[in-house]
>>> print(open('structure_3.txt').read())   # compact mmCIF, N, CA and C atoms
# COMPACT_ATOMS: atom_id res chain seq x y z
N MET A 223 5.64 12.95 6.63
CA MET A 223 4.80 12.43 5.56
C MET A 223 3.52 11.91 6.20
N LYS A 224 2.42 12.24 5.59
CA LYS A 224 1.14 11.78 6.11
C LYS A 224 0.43 10.96 5.02
N ILE A 225 0.05 9.76 5.39
CA ILE A 225 -0.67 8.87 4.48
C ILE A 225 -2.15 8.97 4.84
N SER A 226 -3.00 9.15 3.85
CA SER A 226 -4.44 9.28 4.08
C SER A 226 -5.04 7.95 4.53
N ALA A 227 -6.27 8.04 5.01
CA ALA A 227 -6.99 6.82 5.40
C ALA A 227 -7.11 5.88 4.20
N LYS A 228 -7.32 6.45 3.04
CA LYS A 228 -7.44 5.63 1.83
C LYS A 228 -6.16 4.83 1.58
N GLY A 229 -5.01 5.46 1.76
CA GLY A 229 -3.74 4.77 1.59
C GLY A 229 -3.52 3.69 2.63
N ARG A 230 -3.85 3.99 3.89
CA ARG A 230 -3.71 3.00 4.96
C ARG A 230 -4.65 1.82 4.73
N TYR A 231 -5.89 2.10 4.33
CA TYR A 231 -6.85 1.03 4.05
C TYR A 231 -6.40 0.20 2.86
N GLY A 232 -5.80 0.85 1.87
CA GLY A 232 -5.32 0.14 0.70
C GLY A 232 -4.24 -0.87 1.06
N ILE A 233 -3.30 -0.45 1.88
CA ILE A 233 -2.24 -1.38 2.30
C ILE A 233 -2.82 -2.51 3.14
N ALA A 234 -3.71 -2.18 4.06
CA ALA A 234 -4.32 -3.22 4.92
C ALA A 234 -5.08 -4.23 4.07
N ALA A 235 -5.86 -3.75 3.11
CA ALA A 235 -6.63 -4.66 2.25
C ALA A 235 -5.72 -5.53 1.39
N MET A 236 -4.62 -4.96 0.92
CA MET A 236 -3.69 -5.73 0.10
C MET A 236 -2.98 -6.79 0.94
N VAL A 237 -2.67 -6.49 2.19
CA VAL A 237 -2.08 -7.50 3.07
C VAL A 237 -3.08 -8.63 3.29
N TYR A 238 -4.35 -8.27 3.45
CA TYR A 238 -5.39 -9.28 3.62
C TYR A 238 -5.47 -10.17 2.37
N LEU A 239 -5.41 -9.57 1.19
CA LEU A 239 -5.41 -10.36 -0.05
C LEU A 239 -4.15 -11.23 -0.13
N ALA A 240 -3.02 -10.69 0.32
CA ALA A 240 -1.77 -11.46 0.30
C ALA A 240 -1.87 -12.68 1.21
N ARG A 241 -2.52 -12.50 2.33
CA ARG A 241 -2.70 -13.62 3.27
C ARG A 241 -3.51 -14.74 2.62
N ASN A 242 -4.39 -14.39 1.72
CA ASN A 242 -5.25 -15.36 1.05
C ASN A 242 -4.80 -15.64 -0.39
N TYR A 243 -3.55 -15.31 -0.70
CA TYR A 243 -3.05 -15.43 -2.07
C TYR A 243 -3.10 -16.86 -2.59
N ASP A 244 -2.77 -17.83 -1.76
CA ASP A 244 -2.73 -19.22 -2.20
C ASP A 244 -4.12 -19.83 -2.41
N ALA A 245 -5.15 -19.22 -1.84
CA ALA A 245 -6.52 -19.70 -2.06
C ALA A 245 -6.90 -19.36 -3.50
N SER A 246 -7.52 -20.26 -4.15
CA SER A 246 -7.85 -20.03 -5.57
C SER A 246 -9.09 -19.16 -5.75
N SER A 247 -9.86 -18.98 -4.71
CA SER A 247 -11.09 -18.20 -4.86
C SER A 247 -10.86 -16.73 -4.54
N PRO A 248 -11.49 -15.84 -5.29
CA PRO A 248 -11.35 -14.41 -5.04
C PRO A 248 -12.00 -14.00 -3.71
N ILE A 249 -11.56 -12.89 -3.17
CA ILE A 249 -12.05 -12.38 -1.89
C ILE A 249 -12.98 -11.20 -2.17
N THR A 250 -14.14 -11.22 -1.56
CA THR A 250 -15.11 -10.14 -1.79
C THR A 250 -14.78 -8.92 -0.94
N ILE A 251 -15.24 -7.78 -1.40
CA ILE A 251 -15.06 -6.55 -0.63
C ILE A 251 -15.79 -6.66 0.69
N ILE A 252 -16.93 -7.30 0.71
CA ILE A 252 -17.69 -7.47 1.95
C ILE A 252 -16.87 -8.25 2.97
N SER A 253 -16.20 -9.31 2.53
CA SER A 253 -15.36 -10.11 3.42
C SER A 253 -14.20 -9.27 3.96
N ILE A 254 -13.56 -8.52 3.10
CA ILE A 254 -12.45 -7.66 3.53
C ILE A 254 -12.96 -6.61 4.52
N SER A 255 -14.10 -6.03 4.20
CA SER A 255 -14.71 -5.02 5.05
C SER A 255 -14.99 -5.56 6.45
N GLU A 256 -15.55 -6.75 6.51
CA GLU A 256 -15.87 -7.36 7.81
C GLU A 256 -14.61 -7.72 8.60
N HIS A 257 -13.62 -8.28 7.93
CA HIS A 257 -12.40 -8.70 8.63
C HIS A 257 -11.56 -7.52 9.11
N LEU A 258 -11.55 -6.43 8.35
CA LEU A 258 -10.71 -5.30 8.70
C LEU A 258 -11.46 -4.16 9.39
N GLY A 259 -12.79 -4.23 9.37
CA GLY A 259 -13.57 -3.16 9.98
C GLY A 259 -13.50 -1.86 9.20
N ILE A 260 -13.48 -1.97 7.89
CA ILE A 260 -13.41 -0.81 7.00
C ILE A 260 -14.70 -0.75 6.20
N SER A 261 -15.20 0.45 5.98
CA SER A 261 -16.43 0.67 5.23
C SER A 261 -16.35 0.03 3.84
N LYS A 262 -17.39 -0.69 3.47
CA LYS A 262 -17.47 -1.34 2.15
C LYS A 262 -17.40 -0.30 1.03
N ILE A 263 -18.11 0.79 1.20
CA ILE A 263 -18.15 1.85 0.18
C ILE A 263 -16.75 2.45 0.00
N TYR A 264 -16.07 2.66 1.11
CA TYR A 264 -14.72 3.22 1.04
C TYR A 264 -13.77 2.24 0.36
N LEU A 265 -13.91 0.95 0.68
CA LEU A 265 -13.05 -0.06 0.05
C LEU A 265 -13.30 -0.15 -1.46
N GLU A 266 -14.52 0.06 -1.89
CA GLU A 266 -14.81 0.04 -3.33
C GLU A 266 -14.02 1.13 -4.04
N GLN A 267 -13.90 2.30 -3.43
CA GLN A 267 -13.10 3.39 -4.01
C GLN A 267 -11.62 3.00 -4.07
N VAL A 268 -11.14 2.40 -2.99
CA VAL A 268 -9.74 1.98 -2.93
C VAL A 268 -9.45 0.93 -4.00
N PHE A 269 -10.33 -0.07 -4.12
CA PHE A 269 -10.09 -1.15 -5.08
C PHE A 269 -10.22 -0.67 -6.52
N SER A 270 -10.99 0.37 -6.74
CA SER A 270 -11.06 0.96 -8.08
C SER A 270 -9.67 1.49 -8.48
N LEU A 271 -8.99 2.14 -7.55
CA LEU A 271 -7.65 2.66 -7.82
C LEU A 271 -6.62 1.54 -7.95
N LEU A 272 -6.73 0.53 -7.11
CA LEU A 272 -5.80 -0.61 -7.16
C LEU A 272 -5.97 -1.38 -8.47
N LYS A 273 -7.21 -1.51 -8.91
CA LYS A 273 -7.48 -2.21 -10.18
C LYS A 273 -6.93 -1.41 -11.35
N ARG A 274 -7.11 -0.10 -11.32
CA ARG A 274 -6.63 0.77 -12.40
C ARG A 274 -5.10 0.68 -12.52
N SER A 275 -4.43 0.43 -11.40
CA SER A 275 -2.98 0.30 -11.40
C SER A 275 -2.51 -1.14 -11.63
N ASN A 276 -3.45 -2.02 -11.95
CA ASN A 276 -3.15 -3.43 -12.23
C ASN A 276 -2.48 -4.16 -11.05
N LEU A 277 -2.87 -3.78 -9.84
CA LEU A 277 -2.36 -4.47 -8.66
C LEU A 277 -3.29 -5.60 -8.23
N VAL A 278 -4.55 -5.49 -8.62
CA VAL A 278 -5.53 -6.53 -8.32
C VAL A 278 -6.29 -6.87 -9.60
N ASN A 279 -6.80 -8.09 -9.62
CA ASN A 279 -7.71 -8.53 -10.68
C ASN A 279 -9.09 -8.66 -10.06
N SER A 280 -10.10 -8.26 -10.81
CA SER A 280 -11.46 -8.44 -10.31
C SER A 280 -12.14 -9.54 -11.11
N ILE A 281 -12.89 -10.33 -10.39
CA ILE A 281 -13.64 -11.43 -11.00
C ILE A 281 -15.11 -11.13 -10.78
N LYS A 282 -15.85 -11.09 -11.84
CA LYS A 282 -17.29 -10.77 -11.77
C LYS A 282 -18.09 -12.01 -11.44
N GLY A 283 -19.31 -11.80 -11.00
CA GLY A 283 -20.23 -12.91 -10.77
C GLY A 283 -20.44 -13.22 -9.31
N SER A 284 -21.27 -14.21 -9.05
CA SER A 284 -21.63 -14.57 -7.68
C SER A 284 -20.44 -15.11 -6.89
N GLN A 285 -19.48 -15.70 -7.56
CA GLN A 285 -18.27 -16.21 -6.89
C GLN A 285 -17.11 -15.24 -7.09
N GLY A 286 -17.43 -14.00 -7.43
CA GLY A 286 -16.42 -13.01 -7.77
C GLY A 286 -15.80 -12.33 -6.56
N GLY A 287 -14.88 -11.46 -6.87
CA GLY A 287 -14.17 -10.71 -5.85
C GLY A 287 -12.85 -10.22 -6.41
N TYR A 288 -11.87 -10.09 -5.55
CA TYR A 288 -10.56 -9.58 -5.95
C TYR A 288 -9.45 -10.55 -5.57
N GLN A 289 -8.41 -10.52 -6.39
CA GLN A 289 -7.19 -11.29 -6.14
C GLN A 289 -6.01 -10.41 -6.51
N LEU A 290 -4.87 -10.68 -5.89
CA LEU A 290 -3.65 -9.97 -6.28
C LEU A 290 -3.31 -10.33 -7.71
N SER A 291 -2.81 -9.37 -8.46
CA SER A 291 -2.44 -9.64 -9.85
C SER A 291 -1.07 -10.29 -9.96
N ARG A 292 -0.26 -10.16 -8.90
CA ARG A 292 1.09 -10.75 -8.88
C ARG A 292 1.33 -11.36 -7.50
N HIS A 293 2.39 -12.09 -7.39
CA HIS A 293 2.78 -12.69 -6.11
C HIS A 293 3.05 -11.56 -5.11
N PRO A 294 2.75 -11.77 -3.82
CA PRO A 294 2.97 -10.74 -2.80
C PRO A 294 4.41 -10.21 -2.73
N ARG A 295 5.40 -11.02 -3.10
CA ARG A 295 6.78 -10.53 -3.07
C ARG A 295 7.05 -9.54 -4.19
N GLU A 296 6.16 -9.51 -5.20
CA GLU A 296 6.36 -8.64 -6.37
C GLU A 296 5.58 -7.33 -6.28
N ILE A 297 4.87 -7.11 -5.18
CA ILE A 297 4.10 -5.88 -5.00
C ILE A 297 4.66 -5.16 -3.78
N SER A 298 5.09 -3.93 -4.00
CA SER A 298 5.70 -3.17 -2.91
C SER A 298 4.70 -2.18 -2.30
N ALA A 299 5.09 -1.70 -1.13
CA ALA A 299 4.28 -0.66 -0.47
C ALA A 299 4.22 0.57 -1.37
N TYR A 300 5.31 0.85 -2.09
CA TYR A 300 5.31 1.99 -3.02
C TYR A 300 4.28 1.79 -4.13
N ASP A 301 4.21 0.57 -4.68
CA ASP A 301 3.22 0.29 -5.73
C ASP A 301 1.81 0.64 -5.25
N ILE A 302 1.51 0.21 -4.04
CA ILE A 302 0.17 0.41 -3.49
C ILE A 302 -0.09 1.89 -3.23
N LEU A 303 0.82 2.51 -2.49
CA LEU A 303 0.60 3.90 -2.11
C LEU A 303 0.63 4.84 -3.31
N SER A 304 1.48 4.58 -4.28
CA SER A 304 1.53 5.47 -5.44
C SER A 304 0.28 5.34 -6.31
N SER A 305 -0.44 4.22 -6.18
CA SER A 305 -1.69 4.08 -6.94
C SER A 305 -2.85 4.80 -6.24
N ILE A 306 -2.68 5.05 -4.94
CA ILE A 306 -3.76 5.65 -4.15
C ILE A 306 -3.45 7.09 -3.77
N GLU A 307 -2.23 7.34 -3.34
CA GLU A 307 -1.81 8.66 -2.84
C GLU A 307 -1.18 9.46 -3.98
N ILE A 308 -1.95 10.26 -4.67
CA ILE A 308 -1.45 11.02 -5.81
C ILE A 308 -0.33 11.97 -5.38
N SER A 309 -0.46 12.59 -4.21
CA SER A 309 0.55 13.55 -3.76
C SER A 309 1.89 12.89 -3.45
N LEU A 310 1.90 11.59 -3.26
CA LEU A 310 3.14 10.88 -2.96
C LEU A 310 4.12 10.94 -4.12
N ILE A 311 3.61 10.94 -5.34
CA ILE A 311 4.49 10.89 -6.50
C ILE A 311 4.56 12.21 -7.27
N GLU A 312 3.83 13.23 -6.80
CA GLU A 312 3.90 14.55 -7.44
C GLU A 312 5.22 15.22 -7.11
N LYS A 313 5.80 15.86 -8.09
CA LYS A 313 7.02 16.63 -7.86
C LYS A 313 6.66 17.93 -7.14
N THR A 314 7.55 18.36 -6.26
CA THR A 314 7.35 19.60 -5.52
C THR A 314 7.54 20.79 -6.45
N GLY A 315 6.66 21.75 -6.34
CA GLY A 315 6.76 22.95 -7.17
C GLY A 315 7.83 23.89 -6.66
N PRO A 316 8.07 24.96 -7.40
CA PRO A 316 9.11 25.91 -6.99
C PRO A 316 8.75 26.61 -5.68
N ALA A 317 9.78 26.92 -4.90
CA ALA A 317 9.58 27.60 -3.63
C ALA A 317 9.50 29.11 -3.83
N SER A 318 10.14 29.60 -4.85
CA SER A 318 10.17 31.03 -5.11
C SER A 318 9.96 31.28 -6.59
N GLU A 319 9.16 32.27 -6.90
CA GLU A 319 8.92 32.59 -8.32
C GLU A 319 10.04 33.44 -8.90
N LYS A 320 10.87 34.05 -8.04
CA LYS A 320 11.89 34.97 -8.52
C LYS A 320 13.31 34.43 -8.44
N MET A 321 13.51 33.33 -7.75
CA MET A 321 14.87 32.85 -7.55
C MET A 321 15.06 31.45 -8.12
N ASP A 322 15.37 31.38 -9.39
CA ASP A 322 15.55 30.09 -10.05
C ASP A 322 16.69 29.28 -9.43
N GLN A 323 17.77 29.94 -9.03
CA GLN A 323 18.89 29.23 -8.42
C GLN A 323 18.48 28.58 -7.11
N LEU A 324 17.71 29.30 -6.29
CA LEU A 324 17.22 28.76 -5.03
C LEU A 324 16.32 27.56 -5.29
N ASN A 325 15.43 27.67 -6.27
CA ASN A 325 14.55 26.55 -6.62
C ASN A 325 15.36 25.33 -7.03
N HIS A 326 16.40 25.56 -7.82
CA HIS A 326 17.26 24.47 -8.28
C HIS A 326 17.96 23.80 -7.10
N ILE A 327 18.51 24.61 -6.20
CA ILE A 327 19.21 24.08 -5.02
C ILE A 327 18.25 23.30 -4.13
N LEU A 328 17.08 23.87 -3.86
CA LEU A 328 16.10 23.19 -3.01
C LEU A 328 15.66 21.87 -3.63
N ALA A 329 15.42 21.88 -4.93
CA ALA A 329 15.01 20.65 -5.62
C ALA A 329 16.11 19.60 -5.50
N ARG A 330 17.35 19.98 -5.79
CA ARG A 330 18.46 19.04 -5.79
C ARG A 330 18.84 18.57 -4.39
N GLU A 331 18.88 19.46 -3.44
CA GLU A 331 19.40 19.14 -2.11
C GLU A 331 18.33 18.66 -1.13
N VAL A 332 17.08 18.99 -1.38
CA VAL A 332 16.03 18.63 -0.42
C VAL A 332 14.97 17.74 -1.06
N PHE A 333 14.26 18.27 -2.01
CA PHE A 333 13.07 17.59 -2.52
C PHE A 333 13.39 16.32 -3.30
N ASN A 334 14.39 16.36 -4.16
CA ASN A 334 14.75 15.15 -4.91
C ASN A 334 15.31 14.07 -4.00
N VAL A 335 16.08 14.48 -2.99
CA VAL A 335 16.64 13.53 -2.02
C VAL A 335 15.49 12.88 -1.24
N LEU A 336 14.54 13.69 -0.83
CA LEU A 336 13.39 13.18 -0.10
C LEU A 336 12.56 12.23 -0.96
N ASP A 337 12.28 12.63 -2.20
CA ASP A 337 11.52 11.76 -3.12
C ASP A 337 12.22 10.42 -3.32
N LYS A 338 13.54 10.47 -3.51
CA LYS A 338 14.31 9.25 -3.73
C LYS A 338 14.28 8.36 -2.49
N SER A 339 14.40 8.97 -1.34
CA SER A 339 14.39 8.22 -0.08
C SER A 339 13.04 7.54 0.15
N ILE A 340 11.97 8.27 -0.10
CA ILE A 340 10.62 7.70 0.05
C ILE A 340 10.44 6.53 -0.91
N TYR A 341 10.84 6.74 -2.16
CA TYR A 341 10.71 5.67 -3.15
C TYR A 341 11.50 4.43 -2.74
N GLU A 342 12.77 4.62 -2.38
CA GLU A 342 13.61 3.47 -2.04
C GLU A 342 13.10 2.74 -0.81
N THR A 343 12.66 3.49 0.18
CA THR A 343 12.17 2.87 1.42
C THR A 343 10.91 2.07 1.17
N LEU A 344 9.93 2.68 0.52
CA LEU A 344 8.65 2.00 0.27
C LEU A 344 8.78 0.88 -0.75
N ASN A 345 9.67 1.04 -1.70
CA ASN A 345 9.86 0.02 -2.72
C ASN A 345 10.55 -1.22 -2.16
N ALA A 346 11.27 -1.05 -1.05
CA ALA A 346 11.98 -2.17 -0.42
C ALA A 346 11.07 -3.03 0.45
N ILE A 347 9.84 -2.57 0.67
CA ILE A 347 8.90 -3.30 1.52
C ILE A 347 7.86 -3.97 0.63
N SER A 348 7.86 -5.29 0.62
CA SER A 348 6.89 -6.02 -0.20
C SER A 348 5.70 -6.46 0.65
N LEU A 349 4.63 -6.82 -0.02
CA LEU A 349 3.48 -7.38 0.69
C LEU A 349 3.88 -8.64 1.44
N GLU A 350 4.77 -9.41 0.86
CA GLU A 350 5.25 -10.61 1.53
C GLU A 350 5.97 -10.26 2.84
N ASP A 351 6.76 -9.18 2.84
CA ASP A 351 7.43 -8.73 4.06
C ASP A 351 6.40 -8.35 5.13
N LEU A 352 5.37 -7.63 4.73
CA LEU A 352 4.33 -7.22 5.68
C LEU A 352 3.58 -8.42 6.23
N LEU A 353 3.30 -9.37 5.37
CA LEU A 353 2.60 -10.58 5.80
C LEU A 353 3.46 -11.40 6.76
N THR A 354 4.75 -11.51 6.49
CA THR A 354 5.66 -12.21 7.38
C THR A 354 5.71 -11.53 8.75
N ALA A 355 5.79 -10.21 8.75
CA ALA A 355 5.81 -9.46 10.01
C ALA A 355 4.50 -9.64 10.78
N LEU A 356 3.38 -9.65 10.07
CA LEU A 356 2.08 -9.86 10.71
C LEU A 356 1.99 -11.25 11.31
N ASP A 357 2.42 -12.25 10.58
CA ASP A 357 2.40 -13.63 11.09
C ASP A 357 3.28 -13.76 12.34
N ARG A 358 4.44 -13.13 12.29
CA ARG A 358 5.36 -13.17 13.44
C ARG A 358 4.72 -12.49 14.65
N GLU A 359 4.09 -11.36 14.44
CA GLU A 359 3.43 -10.63 15.53
C GLU A 359 2.29 -11.45 16.13
N GLU A 360 1.51 -12.08 15.27
CA GLU A 360 0.39 -12.90 15.76
C GLU A 360 0.89 -14.12 16.52
N SER A 361 1.98 -14.72 16.07
CA SER A 361 2.49 -15.89 16.79
C SER A 361 3.07 -15.48 18.15
N ASN A 362 3.65 -14.29 18.25
CA ASN A 362 4.16 -13.79 19.53
C ASN A 362 3.02 -13.54 20.51
N GLU A 363 1.87 -13.08 20.01
CA GLU A 363 0.72 -12.83 20.87
C GLU A 363 0.12 -14.12 21.40
N ASN A 364 0.29 -15.21 20.67
CA ASN A 364 -0.31 -16.48 21.07
C ASN A 364 0.58 -17.29 22.02
N LEU A 365 1.76 -16.77 22.33
CA LEU A 365 2.65 -17.49 23.24
C LEU A 365 2.11 -17.37 24.67
N MET A 366 2.21 -18.46 25.42
CA MET A 366 1.82 -18.45 26.84
C MET A 366 3.08 -18.60 27.67
N TYR A 367 3.17 -17.83 28.69
CA TYR A 367 4.32 -17.91 29.59
C TYR A 367 3.86 -18.46 30.92
N PHE A 368 4.58 -19.45 31.41
CA PHE A 368 4.27 -20.05 32.69
C PHE A 368 5.39 -19.75 33.67
N ILE A 369 5.00 -19.39 34.86
CA ILE A 369 6.00 -19.08 35.89
C ILE A 369 5.93 -20.14 36.97
>>> encode(input="structure_3.txt", output="structure tokens")
Amino acid sequence: MKISAKGRYGIAAMVYLARNYDASSPITIISISEHLGISKIYLEQVFSLLKRSNLVNSIKGSQGGYQLSRHPREISAYDILSSIEISLIEKTGPASEKMDQLNHILAREVFNVLDKSIYETLNAISLEDLLTALDREESNENLMYFI
């Protein structure tokens, strides 16, 4: 499975918003762009898709920006990727135009199993899980060892 840059940027930006979830002020795309090193124009496209899927709220005005629409534990990696990666949720087409039985077997034994596995795996990972893992990784990097 290959996730596009847009999908990877979407998850990274959502983790950044999750990190700032308790702050009452919205986060600007410029701030996200600077902190993550992602193009502002590209992030605008990503946030358009995230907003359309009701994963983020946008606040207009000089103090505006974006905020998560729900608590980080309520937003999964699947929610994010399925709003950005259209091919992630598309059903696989038939493998053969002449063999309906083969298409049925392939769908049941391969493609549906794969789709279910992807859904279950990504749906089990919340933004809160990613944020916890990031915090743990950062705290491990800050440890000093003395010999």
>>> closest_residue(input="structure_3.txt", among="A:Ile347, A:Ile311, A:Ile251, A:Ile281", to="Tyr238 of chain A", atoms="only C-alpha atoms")
A:Ile251
>>> select_by_dssp(input="structure_3.txt", residues="segment 239-356 of chain A", states="helix (DSSP H, G or I)", output="VMD selection string")
chain A and resid 239 to 241 251 to 258 262 to 274 294 to 296 299 to 306 308 to 311 322 to 345 349 to 356
>>> closest_residue(input="structure_3.txt", among="A:Asp322, A:Glu256, A:Glu359, A:Asp301", to="Met236 of chain A", atoms="only C-alpha atoms")
A:Asp301
>>> closest_residue(input="structure_3.txt", among="A:Ile308, A:Ile302, A:Lys228, A:Ala346", to="Gln267 of chain A", atoms="only N, CA and C atoms")
A:Lys228
>>> select_by_dssp(input="structure_3.txt", residues="chain A", states="strand (DSSP E or B)", output="ChimeraX atom specification")
/A:249,278-281,287-290,298,348
>>> axis_aligned_box(input="structure_3.txt", around="segment 241-260 of chain A", padding_each_side="3 Å", output="AutoDock Vina command-line options")
--center_x -10.1 --center_y -10.5 --center_z 2.1 --size_x 21.2 --size_y 25.5 --size_z 21.7
>>> residues_around(input="structure_3.txt", residues="Ala299 of chain A", least_positions_apart="4", cutoff="7 Å", atoms="only N, CA and C atoms", output="PyMOL selection string")
chain A and resi 303-304+344-349
>>> atom_distance(input="structure_3.txt", atom1="atom C of Ile233 of chain A", atom2="atom N of Lys338 of chain A")
21.9 Å
>>> atom_distance(input="structure_3.txt", atom1="atom CA of Asn279 of chain A", atom2="atom CA of Glu342 of chain A")
25.9 Å
>>> atom_distance(input="structure_3.txt", atom1="atom CA of Glu307 of chain A", atom2="atom CA of Val237 of chain A")
17.2 Å
>>> closest_residue(input="structure_3.txt", among="A:Asn362, A:Asn242, A:Ser309, A:Ser226", to="Leu290 of chain A", atoms="all atoms listed in the file")
A:Asn242
>>> residues_around(input="structure_3.txt", residues="Ile249 of chain A", least_positions_apart="5", cutoff="8 Å", atoms="only N, CA and C atoms", output="ChimeraX atom specification")
/A:239,242,254,281,285-290
>>> residues_around(input="structure_3.txt", residues="His293 of chain A", least_positions_apart="3", cutoff="9 Å", atoms="only C-alpha atoms", output="PyMOL selection string")
chain A and resi 240+243+290+296-297+349-350
